[in-house]
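Asker: What follows is a structure written as structure tokens; I'll ask about it next.
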Amino acid sequence: MEQKGHSIRKASADDAQVLLDLIVEHAAYEQEEFSTAGKLEALQSCLSSRLPPFECILIESNGEVKGYCNYLVQFDSWACASHMLLDALYLKPELRGQGIGIEIMNIVKEQAKASDCRIVCWRTPVFNELGINFYKKLQAVGTTKMFFTWDVD
């Protein structure tokens, strides 16, 4: 879909390297450590899968991929219903503030509705004021839960 000097399209296995590069930038933006070891192959596998574990859309501007969004359906036992998990949304700085984020969130919203999800959930670092202000403009509600990870290897 072509919009105001940018386009949005579904990612393919051929996009794995550019997606990985954006994920590296996203991790740095969120001040998280990130290792690329084995990730290119994993992304290629996921993006070429007949039933990919997530949906990924890319945002292109001037012929270059400058953003991505990953999302997937999960089940919430408290709500006894499915919800859309917005795994990641990242735009390079030059694309921010142009309405592209809202456009992406509306795509995610429509995908959630099509998947019979009543809510979309996501997380962001507490210091990501730009993101938090954007989410508040959407009238999204923050929670007080902490996010944990547990390395089981």
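Following the order of the structure tokens, chains are lettered A, B, ..., residues in each are numbered from 1, and ligands are numbered from 1.
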Do a neighbour search on segment 62-65 of chain A at 8 Å with only C-alpha atoms, toss out local chain neighbours closer than 2 positions, and write the hits as a list in words.
Answerer: Gly5, His6, Val18, Leu58, Ile59, Glu60 and Gly67 of chain A
Asker: If you run DSSP over the backbone, which residues in chain A end up strand (DSSP E or B)? Put them as a VMD selection string.
Answerer: chain A and resid 2 to 3 6 to 10 55 to 61 64 to 76 81 to 91 120 to 121
Asker: If you run DSSP on the backbone here, which positions in segment 17-146 of chain A get helix (DSSP H, G or I)? Please write them as a PyMOL selection string.
Answerer: chain A and resi 17-29+39-48+93-95+100-114+129-137
Asker: Give me the residues within 10 Å of Glu94 of chain A as number ranges by chain, counting only C-alpha atoms and dropping any in the same chain fewer than 4 places off.
Answerer: A: 61, 66, 98
Asker: Restricting the calculation to only C-alpha atoms: of A:Ser49, A:Leu19, A:Leu138, A:Ser77, which residue gets closest to Thr36 of chain A?
Answerer: A:Leu19
Asker: Quick one, how far is atom CA of Gly131 of chain A from atom CA of Arg96 of chain A?
Answerer: 10.1 Å
Asker: Tell me, as a list in words, which residues lie within 9 Å of Pro125 of chain A, counting only C-alpha atoms; anything in the same chain fewer than 6 positions away does not count.
Answerer: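 Close residues of Pro125 of chain A: Glu30, Gln31, Gly131 and Ile132 of chain A.
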Asker: For each of A:Ala88, A:Pro93, A:Cys117, A:Cys56, take the minimum atom-to-atom distance to Asp76 of chain A, counting only C-alpha atoms, then give the residue where this is smallest.
Answerer: A:Cys117
Asker: Using only C-alpha atoms, can you tell me which of A:Asn133, A:Thr124, A:Ser115, A:Thr149 comes closest to Gly97 of chain A?
Answerer: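 Smallest separation from Gly97 of chain A among the options: A:Asn133.
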Asker: Considering only C-alpha atoms, return as a list in words whatever protein or nucleic-acid residues lie within 12 Å of Phe75 of chain A, sequence-local ones (same chain, fewer than 2 positions apart) excluded.
Answerer: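 Listed by chain and then number, they are Leu72, Val73, Ser77, Trp78, Ala79, Cys80, Ala81, Ser82, His83, Met84, Leu85, Ser115, Asp116, Cys117, Arg118, Ile119, Val120 and Cys121 of chain A.
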Asker: Restrict the selected residues to C-alpha atoms and save them as an mmCIF file, in the first residue's frame.
Answerer:
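Once written, part.cif looks like this:
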```
data_model
loop_
_atom_site.group_PDB
_atom_site.id
_atom_site.type_symbol
_atom_site.label_atom_id
_atom_site.label_comp_id
_atom_site.auth_asym_id
_atom_site.auth_seq_id
_atom_site.Cartn_x
_atom_site.Cartn_y
_atom_site.Cartn_z
ATOM 1 C CA LEU A 72 0.814 -12.118 16.413
ATOM 2 C CA VAL A 73 -2.298 -13.543 18.023
ATOM 3 C CA SER A 77 -6.357 -16.879 30.049
ATOM 4 C CA TRP A 78 -7.654 -14.036 32.230
ATOM 5 C CA ALA A 79 -9.878 -12.703 29.478
ATOM 6 C CA CYS A 80 -10.516 -16.196 28.058
ATOM 7 C CA ALA A 81 -10.061 -14.654 24.642
ATOM 8 C CA SER A 82 -7.410 -14.015 22.047
ATOM 9 C CA HIS A 83 -5.513 -10.747 21.869
ATOM 10 C CA MET A 84 -3.105 -9.278 19.340
ATOM 11 C CA LEU A 85 0.431 -8.917 20.684
ATOM 12 C CA SER A 115 -8.579 -12.337 14.105
ATOM 13 C CA ASP A 116 -11.446 -11.871 16.616
ATOM 14 C CA CYS A 117 -9.173 -10.088 19.101
ATOM 15 C CA ARG A 118 -10.761 -7.481 21.343
ATOM 16 C CA ILE A 119 -7.500 -5.850 22.448
ATOM 17 C CA VAL A 120 -3.951 -5.212 21.270
ATOM 18 C CA CYS A 121 -1.179 -5.467 23.878
#
```
Asker: Would you please work out which residue, of A:Leu91, A:Lys113, A:Met146, A:Asn70, is nearest to Pro52 of chain A when using only C-alpha atoms?
Answerer: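 Smallest separation from Pro52 of chain A among the options: A:Asn70.
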Asker: Given the choices A:Ala11, A:Glu32, A:Val126, A:Glu41, which gets closest to Phe54 of chain A if the distance is worked out from only C-alpha atoms?
Answerer: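 Smallest separation from Phe54 of chain A among the options: A:Ala11.
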Asker: List the spatial neighbours of Lys137 of chain A as number ranges by chain - criterion: any atom at most 12 Å away, only C-alpha atoms, same-chain residues fewer than 6 positions off excluded.
Answerer: A: 99, 101-102, 105, 130-131
Asker: What would the file look like if the residues just selected were written as a CSV table (one decimal), in the first residue's frame with N, CA and C atoms?
Answerer:
```csv
chain,number,residue,atom,x,y,z
A,99,GLY,N,2.7,10.6,10.9
A,99,GLY,CA,1.5,9.9,10.9
A,99,GLY,C,1.6,8.4,10.5
A,101,GLY,N,3.2,6.0,12.1
A,101,GLY,CA,2.9,5.1,13.3
A,101,GLY,C,1.4,4.9,13.5
A,102,ILE,N,0.6,5.9,13.3
A,102,ILE,CA,-0.8,5.7,13.4
A,102,ILE,C,-1.3,4.8,12.3
A,105,MET,N,-0.5,1.3,13.3
A,105,MET,CA,-1.3,0.9,14.4
A,105,MET,C,-2.7,0.6,13.9
A,130,LEU,N,8.8,9.3,23.9
A,130,LEU,CA,8.3,9.6,22.6
A,130,LEU,C,7.2,8.5,22.3
A,131,GLY,N,7.5,7.2,22.6
A,131,GLY,CA,6.6,6.1,22.3
A,131,GLY,C,5.4,6.2,23.2
```
Asker: Would you mind telling me which residue in A:Gln111, A:Asn106, A:Ser45, A:Ser35 lies nearest to Ala13 of chain A when using only C-alpha atoms?
Answerer: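 Closest to Ala13 of chain A of all the choices is A:Ser45.
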